[in-house]
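Novice: Sharing upload-v8.txt below, compact mmCIF, N, CA, C and O atoms:
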# COMPACT_ATOMS: atom_id res chain seq x y z
N MET S 1 10.72 51.31 -19.99
CA MET S 1 9.51 50.70 -20.50
C MET S 1 9.67 49.18 -20.60
O MET S 1 8.77 48.45 -20.28
N VAL S 2 10.85 48.76 -21.05
CA VAL S 2 11.08 47.33 -21.22
C VAL S 2 11.09 46.65 -19.85
O VAL S 2 10.50 45.59 -19.67
N ARG S 3 11.74 47.27 -18.87
CA ARG S 3 11.80 46.67 -17.54
C ARG S 3 10.44 46.61 -16.88
O ARG S 3 10.16 45.69 -16.11
N ALA S 4 9.58 47.51 -17.16
CA ALA S 4 8.24 47.52 -16.56
C ALA S 4 7.41 46.34 -17.05
O ALA S 4 6.56 45.84 -16.32
N HIS S 5 7.64 45.89 -18.27
CA HIS S 5 6.87 44.78 -18.82
C HIS S 5 7.60 43.44 -18.71
O HIS S 5 6.98 42.39 -18.90
N ALA S 6 8.88 43.47 -18.42
CA ALA S 6 9.64 42.23 -18.37
C ALA S 6 9.22 41.34 -17.21
O ALA S 6 9.09 40.12 -17.36
N TYR S 7 8.99 41.91 -16.04
CA TYR S 7 8.65 41.11 -14.87
C TYR S 7 7.32 40.37 -15.06
O TYR S 7 7.28 39.14 -14.83
N PRO S 8 6.24 41.01 -15.48
CA PRO S 8 5.00 40.26 -15.66
C PRO S 8 5.09 39.20 -16.76
O PRO S 8 4.51 38.11 -16.62
N VAL S 9 5.83 39.48 -17.81
CA VAL S 9 5.97 38.51 -18.89
C VAL S 9 6.76 37.29 -18.40
O VAL S 9 6.37 36.14 -18.63
N LEU S 10 7.86 37.52 -17.71
CA LEU S 10 8.66 36.41 -17.18
C LEU S 10 7.88 35.62 -16.13
O LEU S 10 7.98 34.39 -16.07
N ALA S 11 7.09 36.29 -15.32
CA ALA S 11 6.27 35.60 -14.32
C ALA S 11 5.23 34.72 -15.01
O ALA S 11 4.99 33.58 -14.57
N ALA S 12 4.62 35.21 -16.06
CA ALA S 12 3.62 34.41 -16.79
C ALA S 12 4.27 33.21 -17.47
O ALA S 12 3.72 32.10 -17.42
N VAL S 13 5.42 33.42 -18.07
CA VAL S 13 6.11 32.32 -18.75
C VAL S 13 6.52 31.25 -17.74
O VAL S 13 6.34 30.05 -17.98
N SER S 14 7.06 31.64 -16.60
CA SER S 14 7.48 30.66 -15.61
C SER S 14 6.28 29.94 -15.01
O SER S 14 6.34 28.73 -14.75
N SER S 15 5.18 30.63 -14.80
CA SER S 15 3.98 29.98 -14.28
C SER S 15 3.44 28.95 -15.27
O SER S 15 3.06 27.84 -14.89
N LEU S 16 3.42 29.30 -16.54
CA LEU S 16 2.95 28.36 -17.55
C LEU S 16 3.88 27.15 -17.68
O LEU S 16 3.41 26.02 -17.85
N SER S 17 5.18 27.38 -17.56
CA SER S 17 6.10 26.25 -17.67
C SER S 17 5.96 25.31 -16.47
O SER S 17 5.99 24.09 -16.62
N LEU S 18 5.78 25.86 -15.27
CA LEU S 18 5.57 25.01 -14.10
C LEU S 18 4.27 24.24 -14.20
O LEU S 18 4.19 23.06 -13.83
N LEU S 19 3.24 24.86 -14.72
CA LEU S 19 1.96 24.18 -14.90
C LEU S 19 2.08 23.05 -15.93
O LEU S 19 1.56 21.95 -15.71
N SER S 20 2.79 23.29 -17.01
CA SER S 20 2.95 22.24 -18.02
C SER S 20 3.79 21.08 -17.50
O SER S 20 3.51 19.92 -17.80
N ILE S 21 4.82 21.37 -16.71
CA ILE S 21 5.63 20.30 -16.10
C ILE S 21 4.76 19.45 -15.19
O ILE S 21 4.85 18.22 -15.19
N THR S 22 3.92 20.10 -14.40
CA THR S 22 3.02 19.38 -13.50
C THR S 22 2.09 18.46 -14.26
O THR S 22 1.90 17.29 -13.91
N VAL S 23 1.51 18.96 -15.33
CA VAL S 23 0.58 18.16 -16.13
C VAL S 23 1.30 16.98 -16.78
O VAL S 23 0.77 15.87 -16.84
N LEU S 24 2.53 17.19 -17.22
CA LEU S 24 3.27 16.12 -17.88
C LEU S 24 3.73 15.03 -16.89
O LEU S 24 3.98 13.90 -17.30
N LEU S 25 3.86 15.35 -15.61
CA LEU S 25 4.29 14.37 -14.62
C LEU S 25 3.14 13.51 -14.08
O LEU S 25 3.41 12.49 -13.43
N ILE S 26 1.91 13.87 -14.34
CA ILE S 26 0.76 13.12 -13.81
C ILE S 26 0.76 11.67 -14.29
O ILE S 26 0.60 10.76 -13.47
N PRO S 27 0.92 11.36 -15.57
CA PRO S 27 0.89 9.95 -15.99
C PRO S 27 1.98 9.10 -15.34
O PRO S 27 1.75 7.95 -14.97
N GLN S 28 3.17 9.66 -15.16
CA GLN S 28 4.25 8.93 -14.52
C GLN S 28 3.93 8.64 -13.07
O GLN S 28 4.20 7.54 -12.57
N ALA S 29 3.31 9.59 -12.38
CA ALA S 29 2.94 9.38 -10.98
C ALA S 29 1.85 8.32 -10.85
O ALA S 29 1.88 7.49 -9.94
N VAL S 30 0.90 8.32 -11.77
CA VAL S 30 -0.18 7.32 -11.74
C VAL S 30 0.40 5.93 -11.98
O VAL S 30 0.04 4.97 -11.30
N LYS S 31 1.31 5.81 -12.93
CA LYS S 31 1.92 4.51 -13.23
C LYS S 31 2.71 3.99 -12.04
O LYS S 31 2.61 2.80 -11.69
N ALA S 32 3.48 4.85 -11.39
CA ALA S 32 4.25 4.42 -10.22
C ALA S 32 3.34 4.01 -9.07
O ALA S 32 3.60 3.03 -8.37
N HIS S 33 2.24 4.73 -8.89
CA HIS S 33 1.29 4.39 -7.82
C HIS S 33 0.65 3.02 -8.08
O HIS S 33 0.55 2.19 -7.17
N ARG S 34 0.25 2.78 -9.31
CA ARG S 34 -0.36 1.48 -9.65
C ARG S 34 0.65 0.35 -9.52
O ARG S 34 0.31 -0.75 -9.07
N TYR S 35 1.89 0.59 -9.91
CA TYR S 35 2.94 -0.43 -9.79
C TYR S 35 3.17 -0.78 -8.32
O TYR S 35 3.28 -1.95 -7.96
N ASN S 36 3.25 0.24 -7.46
CA ASN S 36 3.46 -0.01 -6.04
C ASN S 36 2.30 -0.77 -5.42
O ASN S 36 2.51 -1.66 -4.58
N ARG S 37 1.08 -0.46 -5.84
CA ARG S 37 -0.09 -1.21 -5.34
C ARG S 37 -0.02 -2.65 -5.81
O ARG S 37 -0.37 -3.57 -5.06
N CYS S 38 0.41 -2.89 -7.04
CA CYS S 38 0.53 -4.24 -7.57
C CYS S 38 1.57 -5.03 -6.78
O CYS S 38 1.32 -6.18 -6.39
N ILE S 39 2.71 -4.43 -6.50
CA ILE S 39 3.76 -5.10 -5.73
C ILE S 39 3.25 -5.46 -4.34
O ILE S 39 3.43 -6.59 -3.87
N ASP S 40 2.59 -4.52 -3.68
CA ASP S 40 2.07 -4.79 -2.34
C ASP S 40 1.06 -5.93 -2.34
O ASP S 40 1.10 -6.80 -1.47
N ALA S 41 0.16 -5.92 -3.31
CA ALA S 41 -0.85 -6.98 -3.38
C ALA S 41 -0.22 -8.33 -3.68
O ALA S 41 -0.59 -9.34 -3.07
N GLN S 42 0.74 -8.37 -4.57
CA GLN S 42 1.40 -9.63 -4.92
C GLN S 42 2.20 -10.18 -3.74
O GLN S 42 2.18 -11.38 -3.48
N ILE S 43 2.90 -9.32 -3.03
CA ILE S 43 3.67 -9.79 -1.87
C ILE S 43 2.73 -10.33 -0.81
O ILE S 43 3.00 -11.38 -0.21
N THR S 44 1.61 -9.66 -0.58
CA THR S 44 0.64 -10.14 0.41
C THR S 44 0.11 -11.51 0.02
O THR S 44 0.01 -12.41 0.87
N MET S 45 -0.22 -11.71 -1.24
CA MET S 45 -0.72 -13.00 -1.69
C MET S 45 0.36 -14.08 -1.59
O MET S 45 0.10 -15.20 -1.16
N ARG S 46 1.58 -13.74 -1.98
CA ARG S 46 2.65 -14.73 -1.99
C ARG S 46 3.11 -15.12 -0.59
O ARG S 46 3.56 -16.24 -0.38
N VAL S 47 3.02 -14.21 0.36
CA VAL S 47 3.38 -14.55 1.74
C VAL S 47 2.40 -15.58 2.29
O VAL S 47 2.78 -16.46 3.05
N GLY S 48 1.14 -15.48 1.88
CA GLY S 48 0.15 -16.47 2.31
C GLY S 48 0.46 -17.86 1.76
O GLY S 48 0.20 -18.87 2.42
N ILE S 49 1.03 -17.91 0.58
CA ILE S 49 1.34 -19.20 -0.06
C ILE S 49 2.69 -19.72 0.44
O ILE S 49 2.84 -20.89 0.76
N ASN S 50 3.69 -18.85 0.48
CA ASN S 50 5.06 -19.25 0.83
C ASN S 50 5.60 -18.31 1.91
O ASN S 50 6.30 -17.35 1.61
N PRO S 51 5.30 -18.57 3.20
CA PRO S 51 5.73 -17.64 4.25
C PRO S 51 7.24 -17.57 4.43
O PRO S 51 7.76 -16.59 4.96
N LYS S 52 7.98 -18.55 3.97
CA LYS S 52 9.44 -18.54 4.11
C LYS S 52 10.14 -17.82 2.96
O LYS S 52 11.36 -17.71 2.96
N GLY S 53 9.37 -17.33 2.00
CA GLY S 53 9.96 -16.69 0.82
C GLY S 53 10.57 -15.34 1.08
O GLY S 53 11.42 -14.88 0.34
N GLY S 54 10.15 -14.66 2.14
CA GLY S 54 10.70 -13.34 2.46
C GLY S 54 10.09 -12.23 1.63
O GLY S 54 9.66 -12.44 0.50
N THR S 55 10.06 -11.03 2.21
CA THR S 55 9.47 -9.90 1.49
C THR S 55 10.49 -8.80 1.23
O THR S 55 10.16 -7.80 0.62
N ALA S 56 11.72 -8.95 1.67
CA ALA S 56 12.74 -7.94 1.41
C ALA S 56 13.17 -7.99 -0.06
O ALA S 56 12.98 -9.00 -0.74
N ALA S 57 13.74 -6.90 -0.50
CA ALA S 57 14.21 -6.85 -1.89
C ALA S 57 15.25 -7.94 -2.12
O ALA S 57 16.17 -8.10 -1.33
N GLY S 58 15.09 -8.70 -3.17
CA GLY S 58 16.00 -9.78 -3.49
C GLY S 58 15.55 -11.13 -2.99
O GLY S 58 16.13 -12.15 -3.34
N LYS S 59 14.51 -11.17 -2.18
CA LYS S 59 13.99 -12.44 -1.68
C LYS S 59 12.97 -12.98 -2.68
O LYS S 59 12.46 -12.26 -3.54
N MET S 60 12.64 -14.26 -2.56
CA MET S 60 11.84 -14.94 -3.58
C MET S 60 10.46 -14.30 -3.77
O MET S 60 10.04 -14.06 -4.90
N ASN S 61 9.72 -14.05 -2.68
CA ASN S 61 8.37 -13.48 -2.83
C ASN S 61 8.43 -12.11 -3.51
O ASN S 61 7.59 -11.78 -4.35
N TYR S 62 9.41 -11.30 -3.14
CA TYR S 62 9.55 -9.97 -3.75
C TYR S 62 9.90 -10.10 -5.23
O TYR S 62 9.33 -9.40 -6.07
N LEU S 63 10.83 -10.98 -5.54
CA LEU S 63 11.23 -11.14 -6.95
C LEU S 63 10.08 -11.64 -7.81
O LEU S 63 9.90 -11.18 -8.95
N LYS S 64 9.30 -12.56 -7.29
CA LYS S 64 8.15 -13.06 -8.05
C LYS S 64 7.10 -11.97 -8.21
O LYS S 64 6.43 -11.89 -9.25
N ALA S 65 6.92 -11.14 -7.19
CA ALA S 65 5.96 -10.03 -7.29
C ALA S 65 6.39 -9.05 -8.36
O ALA S 65 5.57 -8.60 -9.17
N VAL S 66 7.65 -8.72 -8.40
CA VAL S 66 8.18 -7.79 -9.42
C VAL S 66 8.02 -8.42 -10.81
O VAL S 66 7.59 -7.74 -11.76
N GLU S 67 8.32 -9.69 -10.91
CA GLU S 67 8.18 -10.38 -12.19
C GLU S 67 6.74 -10.33 -12.69
O GLU S 67 6.48 -10.06 -13.85
N HIS S 68 5.80 -10.54 -11.78
CA HIS S 68 4.38 -10.50 -12.17
C HIS S 68 3.96 -9.09 -12.59
O HIS S 68 3.29 -8.92 -13.61
N CYS S 69 4.33 -8.09 -11.80
CA CYS S 69 3.87 -6.73 -12.07
C CYS S 69 4.54 -6.12 -13.29
O CYS S 69 3.97 -5.21 -13.91
N GLU S 70 5.71 -6.60 -13.66
CA GLU S 70 6.36 -6.08 -14.87
C GLU S 70 5.94 -6.84 -16.12
O GLU S 70 6.31 -6.48 -17.22
N GLY S 71 5.17 -7.92 -15.95
CA GLY S 71 4.60 -8.61 -17.09
C GLY S 71 5.45 -9.71 -17.67
O GLY S 71 5.24 -10.12 -18.81
N PHE S 72 6.38 -10.25 -16.92
CA PHE S 72 7.21 -11.34 -17.45
C PHE S 72 6.55 -12.68 -17.21
O PHE S 72 5.87 -12.99 -16.35
Take the structure in the file and give it back as C-alpha cells.
Specialist:
Amino acid sequence: MVRAHAYPVLAAVSSLSLLSITVLLIPQAVKAHRYNRCIDAQITMRVGINPKGGTAAGKMNYLKAVEHCEGF
C-alpha cells in the first residue's frame, strides 16, 4: 500500500520543487539580461566617442561600460 502511493507523492513533490526553483530564478535572469543590454549599449556609445578604447574585456571602453552599468 505504501509503495503504491509513494510514486505519485514523490512525483508531485519533485514537480512542485522544480516549479518553485524556476519561479525563483526568474528575477536573476531578468537582472542579467538587463545588465547585458546595458553593457552592449554603453560599449556601442563609447566606441563612437573613443574608437581606440577597445571593446574586449579589460580595455578602456569595456571597463567604463561596466563602471556605468554597476552604478559607480
Novice: Just the alpha helix (DSSP H) stuff from stretch 7-61 of chain S, please, per backbone DSSP, written as an MDAnalysis selection string.
Specialist: chainID S and resid 7:49 60:61
Novice: How many Å separate atom CA of S:Arg3 from atom CA of S:Leu16?
Specialist: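 Rounded to one decimal, the two atoms are 20.3 Å apart.
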Novice: Work out how far atom O of S:Met60 is from atom C of S:Arg46, in Å to one decimal.
Specialist: 8.2 Å
Novice: Would you compute the distance between atom C of S:Ile39 and atom C of S:Leu25? Give it in Å to one decimal.
Specialist: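 Interatomic distance here is 21.3 Å.
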Novice: If I wrap all listed atoms of stretch 57-71 of chain S in a box with edges along x, y and z and add 5 Å on each side, what are its centre and edge lengths in Å to one decimal, as JSON?
Specialist:
{"center_x": 9.7, "center_y": -10.1, "center_z": -9.7, "size_x": 22.9, "size_y": 19.7, "size_z": 28.3}
Novice: Can you fill out stretch 10-21 of chain S with all heavy atoms and hand it back as a PDB file, in the coordinates of the input?
Specialist:
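Output contents, as saved in out-v8.pdb:
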ATOM      1  N   LEU S  10       7.860  37.520 -17.710  1.00  0.00           N
ATOM      2  CA  LEU S  10       8.660  36.410 -17.180  1.00  0.00           C
ATOM      3  C   LEU S  10       7.880  35.620 -16.130  1.00  0.00           C
ATOM      4  O   LEU S  10       7.980  34.390 -16.070  1.00  0.00           O
ATOM      5  CB  LEU S  10       9.968  36.922 -16.600  1.00  0.00           C
ATOM      6  CG  LEU S  10      10.986  37.434 -17.623  1.00  0.00           C
ATOM      7  CD1 LEU S  10      12.195  38.025 -16.912  1.00  0.00           C
ATOM      8  CD2 LEU S  10      11.401  36.325 -18.549  1.00  0.00           C
ATOM      9  N   ALA S  11       7.090  36.290 -15.320  1.00  0.00           N
ATOM     10  CA  ALA S  11       6.270  35.600 -14.320  1.00  0.00           C
ATOM     11  C   ALA S  11       5.230  34.720 -15.010  1.00  0.00           C
ATOM     12  O   ALA S  11       4.990  33.580 -14.570  1.00  0.00           O
ATOM     13  CB  ALA S  11       5.599  36.612 -13.402  1.00  0.00           C
ATOM     14  N   ALA S  12       4.620  35.210 -16.060  1.00  0.00           N
ATOM     15  CA  ALA S  12       3.620  34.410 -16.790  1.00  0.00           C
ATOM     16  C   ALA S  12       4.270  33.210 -17.470  1.00  0.00           C
ATOM     17  O   ALA S  12       3.720  32.100 -17.420  1.00  0.00           O
ATOM     18  CB  ALA S  12       2.917  35.293 -17.829  1.00  0.00           C
ATOM     19  N   VAL S  13       5.420  33.420 -18.070  1.00  0.00           N
ATOM     20  CA  VAL S  13       6.110  32.320 -18.750  1.00  0.00           C
ATOM     21  C   VAL S  13       6.520  31.250 -17.740  1.00  0.00           C
ATOM     22  O   VAL S  13       6.340  30.050 -17.980  1.00  0.00           O
ATOM     23  CB  VAL S  13       7.338  32.838 -19.533  1.00  0.00           C
ATOM     24  CG1 VAL S  13       8.237  31.697 -19.992  1.00  0.00           C
ATOM     25  CG2 VAL S  13       6.887  33.669 -20.711  1.00  0.00           C
ATOM     26  N   SER S  14       7.060  31.640 -16.600  1.00  0.00           N
ATOM     27  CA  SER S  14       7.480  30.660 -15.610  1.00  0.00           C
ATOM     28  C   SER S  14       6.280  29.940 -15.010  1.00  0.00           C
ATOM     29  O   SER S  14       6.340  28.730 -14.750  1.00  0.00           O
ATOM     30  CB  SER S  14       8.315  31.320 -14.512  1.00  0.00           C
ATOM     31  OG  SER S  14       7.525  32.235 -13.778  1.00  0.00           O
ATOM     32  N   SER S  15       5.180  30.630 -14.800  1.00  0.00           N
ATOM     33  CA  SER S  15       3.980  29.980 -14.280  1.00  0.00           C
ATOM     34  C   SER S  15       3.440  28.950 -15.270  1.00  0.00           C
ATOM     35  O   SER S  15       3.060  27.840 -14.890  1.00  0.00           O
ATOM     36  CB  SER S  15       2.893  31.015 -13.986  1.00  0.00           C
ATOM     37  OG  SER S  15       3.308  31.870 -12.953  1.00  0.00           O
ATOM     38  N   LEU S  16       3.420  29.300 -16.540  1.00  0.00           N
ATOM     39  CA  LEU S  16       2.950  28.360 -17.550  1.00  0.00           C
ATOM     40  C   LEU S  16       3.880  27.150 -17.680  1.00  0.00           C
ATOM     41  O   LEU S  16       3.410  26.020 -17.850  1.00  0.00           O
ATOM     42  CB  LEU S  16       2.815  29.059 -18.903  1.00  0.00           C
ATOM     43  CG  LEU S  16       1.653  30.041 -19.017  1.00  0.00           C
ATOM     44  CD1 LEU S  16       1.716  30.774 -20.349  1.00  0.00           C
ATOM     45  CD2 LEU S  16       0.337  29.327 -18.855  1.00  0.00           C
ATOM     46  N   SER S  17       5.180  27.380 -17.560  1.00  0.00           N
ATOM     47  CA  SER S  17       6.100  26.250 -17.670  1.00  0.00           C
ATOM     48  C   SER S  17       5.960  25.310 -16.470  1.00  0.00           C
ATOM     49  O   SER S  17       5.990  24.090 -16.620  1.00  0.00           O
ATOM     50  CB  SER S  17       7.533  26.725 -17.827  1.00  0.00           C
ATOM     51  OG  SER S  17       7.973  27.363 -16.645  1.00  0.00           O
ATOM     52  N   LEU S  18       5.780  25.860 -15.270  1.00  0.00           N
ATOM     53  CA  LEU S  18       5.570  25.010 -14.100  1.00  0.00           C
ATOM     54  C   LEU S  18       4.270  24.240 -14.200  1.00  0.00           C
ATOM     55  O   LEU S  18       4.190  23.060 -13.830  1.00  0.00           O
ATOM     56  CB  LEU S  18       5.578  25.853 -12.824  1.00  0.00           C
ATOM     57  CG  LEU S  18       6.940  26.330 -12.365  1.00  0.00           C
ATOM     58  CD1 LEU S  18       6.806  27.267 -11.177  1.00  0.00           C
ATOM     59  CD2 LEU S  18       7.818  25.156 -12.013  1.00  0.00           C
ATOM     60  N   LEU S  19       3.240  24.860 -14.720  1.00  0.00           N
ATOM     61  CA  LEU S  19       1.960  24.180 -14.900  1.00  0.00           C
ATOM     62  C   LEU S  19       2.080  23.050 -15.930  1.00  0.00           C
ATOM     63  O   LEU S  19       1.560  21.950 -15.710  1.00  0.00           O
ATOM     64  CB  LEU S  19       0.882  25.181 -15.341  1.00  0.00           C
ATOM     65  CG  LEU S  19      -0.514  24.625 -15.509  1.00  0.00           C
ATOM     66  CD1 LEU S  19      -1.047  24.126 -14.172  1.00  0.00           C
ATOM     67  CD2 LEU S  19      -1.427  25.674 -16.092  1.00  0.00           C
ATOM     68  N   SER S  20       2.790  23.290 -17.010  1.00  0.00           N
ATOM     69  CA  SER S  20       2.950  22.240 -18.020  1.00  0.00           C
ATOM     70  C   SER S  20       3.790  21.080 -17.500  1.00  0.00           C
ATOM     71  O   SER S  20       3.510  19.920 -17.800  1.00  0.00           O
ATOM     72  CB  SER S  20       3.556  22.816 -19.306  1.00  0.00           C
ATOM     73  OG  SER S  20       4.871  23.261 -19.062  1.00  0.00           O
ATOM     74  N   ILE S  21       4.820  21.370 -16.710  1.00  0.00           N
ATOM     75  CA  ILE S  21       5.630  20.300 -16.100  1.00  0.00           C
ATOM     76  C   ILE S  21       4.760  19.450 -15.190  1.00  0.00           C
ATOM     77  O   ILE S  21       4.850  18.220 -15.190  1.00  0.00           O
ATOM     78  CB  ILE S  21       6.836  20.890 -15.352  1.00  0.00           C
ATOM     79  CG1 ILE S  21       7.848  21.452 -16.344  1.00  0.00           C
ATOM     80  CG2 ILE S  21       7.490  19.846 -14.448  1.00  0.00           C
ATOM     81  CD1 ILE S  21       8.943  22.277 -15.713  1.00  0.00           C
TER      82      ILE S  21
END
